[in-house]
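Chemist: Here it is, the structure, as structure tokens.
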Amino acid sequence: MQKYSRELTVAGVLAALLLVLAVTAPAFYEPQPLLSRLAREAPTLVVACGIALVMVTRQIDISIGALFAVCGVSAGLLASAGWPLAAVLAATVFVGALVGAINGVLVAGLRLPSIVVTLATMVILREGLRWWQQGAFINLPDAWQWFGLSQKGGQITLIGCALVILAVLAWASRHLAGVRFLYAVGSNAEAARLAGLRPQWMTLAVFVFMGALTGGAALMNVVQSPQVDPKSGTGLELNAIAAAVVGGVAVSGGRGNLWGVFAGVLLLACINPALTYLHVEAYWEKAIQGAVILLAVIFDGLRNRRNLS
Amino acid sequence: MAPLLQLTNVTKSFGAVRALRGVSFALQPGEVHALLGENGAGKSTLIKVITGAHAPDDGTIEIGGQTITHLSPNKARTLGIACIYQQPALFPDLSVAENIALRLERTSLLHRVRRSQRDTHARELLHRIGAEIDPAAEVRSLSMPEQQLVEIACALGAGAKIVIMDEPTASLTQKEQHLLFAVVRDLRTHGVGVIYISHRLEEIFALADRVTVLRDGETVGTNRVDEINETALIRMMVGREVTAIYPPARNTPGETRLALRGLGCAASGVRGIDLELRAGEIVGLAGLVGAGRTELAQTLFGLTPADAGEIQLGGQTVRIDNPRTAVAHGIAYVPEDRRRHGVILEMPIAANITMAIHSQIFPGGWLRSAAERKLTLDFMRDLEVKAAGPQAPGGSLSGGNQQKVALARWLATQPRLLILDEPTQGVDVGAKSEIYKIIRQLAAEGLAVLMISSDLPEVLGMSDRVVVMRGGTIVAEYPRGAEAHEVMAAALGQKQREAA
């Protein structure tokens with residue numbers, strides 16, 4: 001139990017918040033707005049799962065917000081060119097994985113710090129996209145929004161997809177040797193190398209995977225509106241990293257659990273509507289999010305100090 | 001004349017390890033006093049006590065006739081103590097003059113810097129020790145000996161009365177050594193006391209006035225250099241008896257497992273290694289720190305692949321370019337410093353143990369908890385690992401138990417050659433004897449064991465054969481029952497290679 005104390009704490013805070021809302025603002029639980037909110041968070045959850053694995057490997061990727069936009073625009077263009085859904089999905093995932101591979105090669109192959117590499121790719125992607133699209137929105141074919149289903153059906157499908165991805169990854173991190181190696185590399189890359197693992201390949205793989213997930217998440221975002229916004233994904237990297245940190249993923253690598261990340265995403269996502277329903281001015285949202293992140297980091301710092309002594 | 005520095009019965013423990021058990025030491029003005037002892041005899045701890053980095057548990061420190069109770073690094077500096085380490089601690093991106101000024105100028109943050117004055121001062125100090133170094137040069141561009149000279153200039157500029165030199169000649173050429181010796185002799189004529197640590201006996205006889213030998217954290221004795229010879233010094237260093245904690249050897253070695261012919265690796269300084277290792281045999285690899293023992297192990301394990309000579313395993317010549325090939329050939333390497341290189345502290349014991357055999361135990365990459373648990377429990381029982389359970393994190397174990405887990409990871413690969421690097425470093429005595437028993441048992445089962453150790457009694461007690469390295473190559477070989485002082489003499493470079 002002690003091992004999961006952090007995850008349980010976050011889940012507990014989330015449950016308390018939901019309970020307060022249930023008592024004071026039952027309107028929060030009206031099905032349609034709730035469904036919309038959850039569907040909007042679905043792409044964030046997918047990206048947060050990816051970044052959690054990157055952070056477990058003791059790396060970071062801040063280019064994912066920009067990559068999200070690039071993948072979204074690519075999906076929009078291909079969709080308006082008449083590609084079927086499956087082909088568009090494959091293409092966006094491929095674009096994401098390709099950019100992830102570039103990040104990964106630079107980080108793992110040349111041993112550059114990932115924060116600098118992905119900062120550079122972030123700027124290149126954002127500015128490249130602006131030059132390419134001049135900020136123009138892309139209209140999607142009619143049948144695309146909500147996969148051609150009803151709004152409700154589309155939203156349920158999206159939420160279902162995100163939960164399936166989360167569950168599969170959470171299961172994989174318990175049962176796949178490959179994911180365990182990420183933890184080993186993130187805890188102590190030198191020890192992992194001496195044990196015959198290949199830390200550089202693991203690092204490359206995690207960046208490619210991060211990119212692929214971002215591509216998938218971008219498509220999950222695209223189908224929620226009739227148009228593709230070339231500025232989508234702004235700040236997504238920070239939201240995802242924040243959710244991972246709140247959910248107990250250690251920035252120093254080697255620690256974290258995807259169910260904790262799930263709780264982290266939900267907790268941060270609940271703050272804004274909670275403020276609205278509790279009649280607190282919405283300006284406070286960012287401040288409160290910041291406070292939650294700070295609390296999480298302080299909690300980690302205290303735990304590490306205790307472990308050292 | 002009152003001594004510059006007088007230590008009386010100084011003790012210091014780190015947890016259960018007693019690093020200093022009562023050291024007494026005196027340094028006179030105008031004296032070069034050599035400090036000699038095996039690896040782990042307590043020299044470094046003693047230096048750290050003198051420089052204020054460690055507070056002694058007991059005993060007194062007198063500096064210039066005054067008893068000092070709370071010695072901090074800063075206080076030590078103001079009292080005139082300077083230490084020159086083997087690896088100079090300078091700022092590589094700053095110039096020589098700036099480095100010297102940083103050490104010497106103690107002023108407020110808003111003090112105006114007079115660059116020309118800094119340069120002149122640095123030039124003066126460097127001139128005094130006969131160093132031809134441009135004060136404007138970046139420290140990064142200097143060679144190691146030049147950096148040492150800058151350190152000495154700092155010590156001089158600070159008006160140091162006690163200068164400690166920790167293996168200062170380790171990386172110097174002959175010519176640079178002579179320059180350094182001249183500087184040391186010059187310091188002596190100015191009344192400075194020099195504590196000189198070196199493993200090179202010829203240097204001690206050439207330079208020092210007196211020599212103090214440490215062993216197991218105790219002073220063995222202090223002698224005038226002109227009243228003692230090398231043999232007597234070596235005997236003082238190794239005078240420990242091999243005790244009963246080592247299990248008896250009882251096996252006869254089998255076929256040749258490993259044969260090295262002229263093995264070398266330029267990158268790590270290993271050269272011309274000829275060595276044979278047979279099944280069921282424990283070969284101890286002795287030598288001083290920096291003699292190339294760990295480097296040889298890393299070459300064998302493919303971490304720094306060999307670029308000369310050949311490796312034969314079971315009679316076949318093989319190339320080992322990375323750890324995976326090494327593992328495939330049945331080589332296992334348990335590295336030194338298990339906390340940094342061995343056990344992954346955040347991960348459970350079970351994951352630590354299966355790390356090197358994942359492809360066998362988890363075909364297709366699916367973890368099988370049941371198989372893993374069984375394997376882990378078997379190892380925990382066989383090696384007597386004391387832990388809460390297979391899922392307890394590696395970091396929760398004691399040093400000895402961590403070492404057992406590191407060992408288990410490699411035994412799980414079912415190796416034919418086991419390389420152990422300092423297997424009992426930082427392990428308490430009880431766990432030590434358990435680890436010795438395990439190693440002996442493994443050899444009895446037919447494993448070939450190459451054991452690197454800086455603990456001479458351990459090497460002598462455990463090994464069927466002792467091989468001594470020095471300067472990246474093998475300099476001597478002894479059968480079981482060799483005398484400690486012979487091995488130490490070879491490690492110190494006093495003898496040429498002998499037939500085993």
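In the structure tokens, each chain is lettered A, B, ... as it comes, each chain's residues begin at 1, and ligands are numbered from 1 in order of appearance.
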Give me the residues near Gln391 of chain B as a count of residues only, where near means some atom within 7 Å (using only C-alpha atoms) and where sequence neighbours in that chain fewer than 3 positions away do not count.

Modeler: 3

Chemist: Find the residues near Ile234 of chain B: any atom within 7 Å, counting only C-alpha atoms, skip ones fewer than 3 places away on the same chain, and give them as a ChimeraX atom specification.

Modeler: /B:230-231,237-238,485,488-489

Chemist: Could you write out that same residue set with C-alpha atoms as a PDB file, in the first residue's frame?

Modeler:
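Just written: result05.pdb:
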```pdb
ATOM      1  CA  GLU B 230      61.667  -0.860   1.512  1.00  0.00           C
ATOM      2  CA  THR B 231      61.213  -4.418   2.787  1.00  0.00           C
ATOM      3  CA  MET B 237      51.890  -2.182   5.535  1.00  0.00           C
ATOM      4  CA  VAL B 238      50.664  -5.762   5.253  1.00  0.00           C
ATOM      5  CA  HIS B 485      54.385  -8.608   1.524  1.00  0.00           C
ATOM      6  CA  MET B 488      52.239  -5.843  -1.982  1.00  0.00           C
ATOM      7  CA  ALA B 489      55.804  -5.402  -3.220  1.00  0.00           C
TER       8      ALA B 489
END
```

Chemist: At a cut-off of 9 Å, which residues of chain B touch chain A? Count only C-alpha atoms and give the answer as number ranges by chain.

Modeler: B: 301, 303, 322-327, 333-335, 338-347, 351-352, 355-356, 358-359, 362, 364-369, 409-410

Chemist: Hey, can you spit out that residue selection with C-alpha atoms as a short mmCIF file (atom, residue, chain, number, x, y, z; two decimals), in the first residue's frame?

Modeler:
```cif
data_model
loop_
_atom_site.label_atom_id
_atom_site.label_comp_id
_atom_site.auth_asym_id
_atom_site.auth_seq_id
_atom_site.Cartn_x
_atom_site.Cartn_y
_atom_site.Cartn_z
CA PHE B 301 32.78 -7.89 -20.53
CA LEU B 303 32.19 -2.46 -22.15
CA ASN B 322 29.37 -5.44 -26.02
CA PRO B 323 27.93 -6.85 -22.82
CA ARG B 324 25.29 -8.86 -24.70
CA THR B 325 27.94 -10.86 -26.54
CA ALA B 326 29.78 -11.34 -23.27
CA VAL B 327 26.64 -12.70 -21.62
CA TYR B 333 30.44 -9.25 -14.42
CA VAL B 334 29.35 -8.04 -11.00
CA PRO B 335 30.61 -4.45 -10.97
CA ARG B 338 26.75 -1.82 -6.42
CA ARG B 339 24.64 1.22 -5.53
CA ARG B 340 25.64 3.03 -8.69
CA HIS B 341 26.27 0.16 -11.07
CA GLY B 342 24.69 -2.95 -9.66
CA VAL B 343 21.34 -3.08 -7.95
CA ILE B 344 18.68 -0.69 -9.22
CA LEU B 345 17.51 0.65 -5.90
CA GLU B 346 13.97 1.66 -6.95
CA MET B 347 13.16 -1.73 -8.45
CA ALA B 351 13.09 -7.43 -11.26
CA ASN B 352 16.71 -6.88 -10.33
CA MET B 355 17.24 -8.24 -15.50
CA ALA B 356 20.03 -10.05 -17.30
CA HIS B 358 14.76 -11.55 -19.46
CA SER B 359 14.95 -13.10 -22.92
CA PHE B 362 10.27 -14.12 -20.56
CA GLY B 364 8.33 -12.92 -26.34
CA GLY B 365 8.78 -10.20 -23.76
CA TRP B 366 5.79 -11.12 -21.56
CA LEU B 367 6.60 -10.99 -17.89
CA ARG B 368 5.71 -14.19 -16.07
CA SER B 369 5.31 -13.33 -12.43
CA ARG B 409 21.33 -11.47 -11.25
CA TRP B 410 24.49 -12.82 -12.82
#
```

Chemist: As a list of chain:residue names, please: the residues near Leu20 of chain B (cut-off 9 Å, only C-alpha atoms, same-chain neighbours under 6 positions excluded).

Modeler: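 That gives B:Val10, B:Thr11, B:Lys12, B:Ser13, B:Ala41, B:Gly42, B:Lys43, B:Thr45, B:Leu46, B:Pro56, B:Asp216, B:Gly217, B:Glu218.
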
Chemist: For the residues in the current selection, export C-alpha atoms as a short mmCIF file (atom, residue, chain, number, x, y, z; two decimals), in the first residue's frame.

Modeler:
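File produced: part_4.cif:
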```cif
data_model
loop_
_atom_site.label_atom_id
_atom_site.label_comp_id
_atom_site.auth_asym_id
_atom_site.auth_seq_id
_atom_site.Cartn_x
_atom_site.Cartn_y
_atom_site.Cartn_z
CA VAL B 10 41.93 10.19 16.27
CA THR B 11 39.02 7.82 15.54
CA LYS B 12 36.29 7.96 12.93
CA SER B 13 33.53 5.51 12.06
CA ALA B 41 44.03 1.73 5.34
CA GLY B 42 42.50 5.09 6.26
CA LYS B 43 44.68 7.60 4.44
CA THR B 45 39.77 9.57 5.86
CA LEU B 46 42.75 10.95 7.75
CA PRO B 56 36.62 12.97 14.13
CA ASP B 216 43.36 -0.84 9.17
CA GLY B 217 42.87 2.68 10.43
CA GLU B 218 45.71 2.56 12.93
#
```

Chemist: Just the residues within 12 Å of segment 398-402 of chain B, please, counting only C-alpha atoms, with nothing from its chain fewer than 5 positions along; format it as a PyMOL selection string.

Modeler: chain B and resi 15-17+334+336-345+347-349+352-353+379-381+383-388+392-393+407-409+423-436

Chemist: Between atom CA of Gln155 of chain A and atom CA of Gly65 of chain A, what is the spacing in Å?

Modeler: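 Spanning atom CA of Gly65 of chain A to atom CA of Gln155 of chain A is a straight-line distance of 21.9 Å.
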
Chemist: Tell me, as an MDAnalysis selection string, which residues lie within 12 Å of Arg185 of chain B, counting only C-alpha atoms; anything in the same chain fewer than 3 positions away does not count.

Modeler: chainID B and resid 30:33 129 178:182 188:194 196 206:209

Chemist: Which polymer residues have any atom within 8 Å of an atom of Leu258 of chain B, counting only C-alpha atoms, with same-chain residues fewer than 3 positions away left out, as JSON, numbers by chain?

Modeler: {"B": [275, 276, 277, 278, 311, 312, 313, 314, 315, 417]}

Chemist: Store the residues picked out above in a file with N, CA and C atoms, as a compact mmCIF listing (two decimals), in the first residue's frame.

Modeler:
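What landed in out_11.txt:
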```
# COMPACT_ATOMS: atom_id res chain seq x y z
N LEU B 275 46.74 -14.36 -19.60
CA LEU B 275 46.16 -14.92 -18.39
C LEU B 275 45.34 -16.15 -18.75
N GLU B 276 45.43 -17.18 -17.90
CA GLU B 276 44.57 -18.35 -18.08
C GLU B 276 43.74 -18.55 -16.83
N LEU B 277 42.53 -19.02 -17.04
CA LEU B 277 41.64 -19.24 -15.92
C LEU B 277 40.96 -20.58 -16.15
N ARG B 278 40.97 -21.44 -15.11
CA ARG B 278 40.42 -22.77 -15.31
C ARG B 278 39.11 -22.94 -14.54
N ILE B 311 40.94 -13.18 -27.07
CA ILE B 311 40.25 -13.81 -25.94
C ILE B 311 39.82 -15.19 -26.39
N GLN B 312 40.21 -16.22 -25.65
CA GLN B 312 39.73 -17.57 -25.95
C GLN B 312 38.85 -18.04 -24.81
N LEU B 313 37.66 -18.52 -25.20
CA LEU B 313 36.76 -19.09 -24.20
C LEU B 313 36.55 -20.55 -24.56
N GLY B 314 36.86 -21.43 -23.63
CA GLY B 314 36.72 -22.86 -23.90
C GLY B 314 37.47 -23.28 -25.16
N GLY B 315 38.61 -22.65 -25.43
CA GLY B 315 39.44 -23.04 -26.56
C GLY B 315 39.11 -22.33 -27.85
N LEU B 417 32.07 -18.10 -16.58
CA LEU B 417 33.14 -17.27 -16.04
C LEU B 417 32.48 -16.12 -15.26
```

Chemist: Quick one, how far is atom CA of Ala25 of chain A from atom CA of Ile241 of chain A?

Modeler: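 Computed distance, atom CA of Ala25 of chain A to atom CA of Ile241 of chain A, equals 29.2 Å.
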
Chemist: Would you mind listing what lies within 9 Å of Leu156 of chain B as a list in words, with only C-alpha atoms counted and same-chain residues fewer than 3 positions away left out?

Modeler: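 My list of contacting residues is Ala82, Leu125, Arg128, Ile129, Glu151, Ile152, Ala153, Gly159, Ala160, Lys161, Val163 and Leu187 of chain B.
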
Chemist: Keeping only C-alpha atoms, write the selected residues as a PDB file, in the first residue's frame.

Modeler:
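The result, stored in again.pdb:
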```
ATOM      1  CA  ALA B  82      45.980  23.314   1.841  1.00  0.00           C
ATOM      2  CA  LEU B 125      53.042  32.922  -7.454  1.00  0.00           C
ATOM      3  CA  ARG B 128      57.882  31.256  -7.321  1.00  0.00           C
ATOM      4  CA  ILE B 129      57.232  27.586  -8.007  1.00  0.00           C
ATOM      5  CA  GLU B 151      46.858  24.301  -7.088  1.00  0.00           C
ATOM      6  CA  ILE B 152      50.268  24.552  -5.459  1.00  0.00           C
ATOM      7  CA  ALA B 153      50.459  28.219  -6.407  1.00  0.00           C
ATOM      8  CA  GLY B 159      50.286  31.292   2.926  1.00  0.00           C
ATOM      9  CA  ALA B 160      49.716  27.612   3.626  1.00  0.00           C
ATOM     10  CA  LYS B 161      51.897  26.189   6.362  1.00  0.00           C
ATOM     11  CA  VAL B 163      50.403  21.296   2.366  1.00  0.00           C
ATOM     12  CA  LEU B 187      58.408  24.578   0.198  1.00  0.00           C
TER      13      LEU B 187
END
```

Chemist: Residues of segment 48-89 of chain B classed as helix (DSSP H, G or I) by DSSP on the backbone are to be reported as number ranges by chain.

Modeler: B: 48-50, 73-78
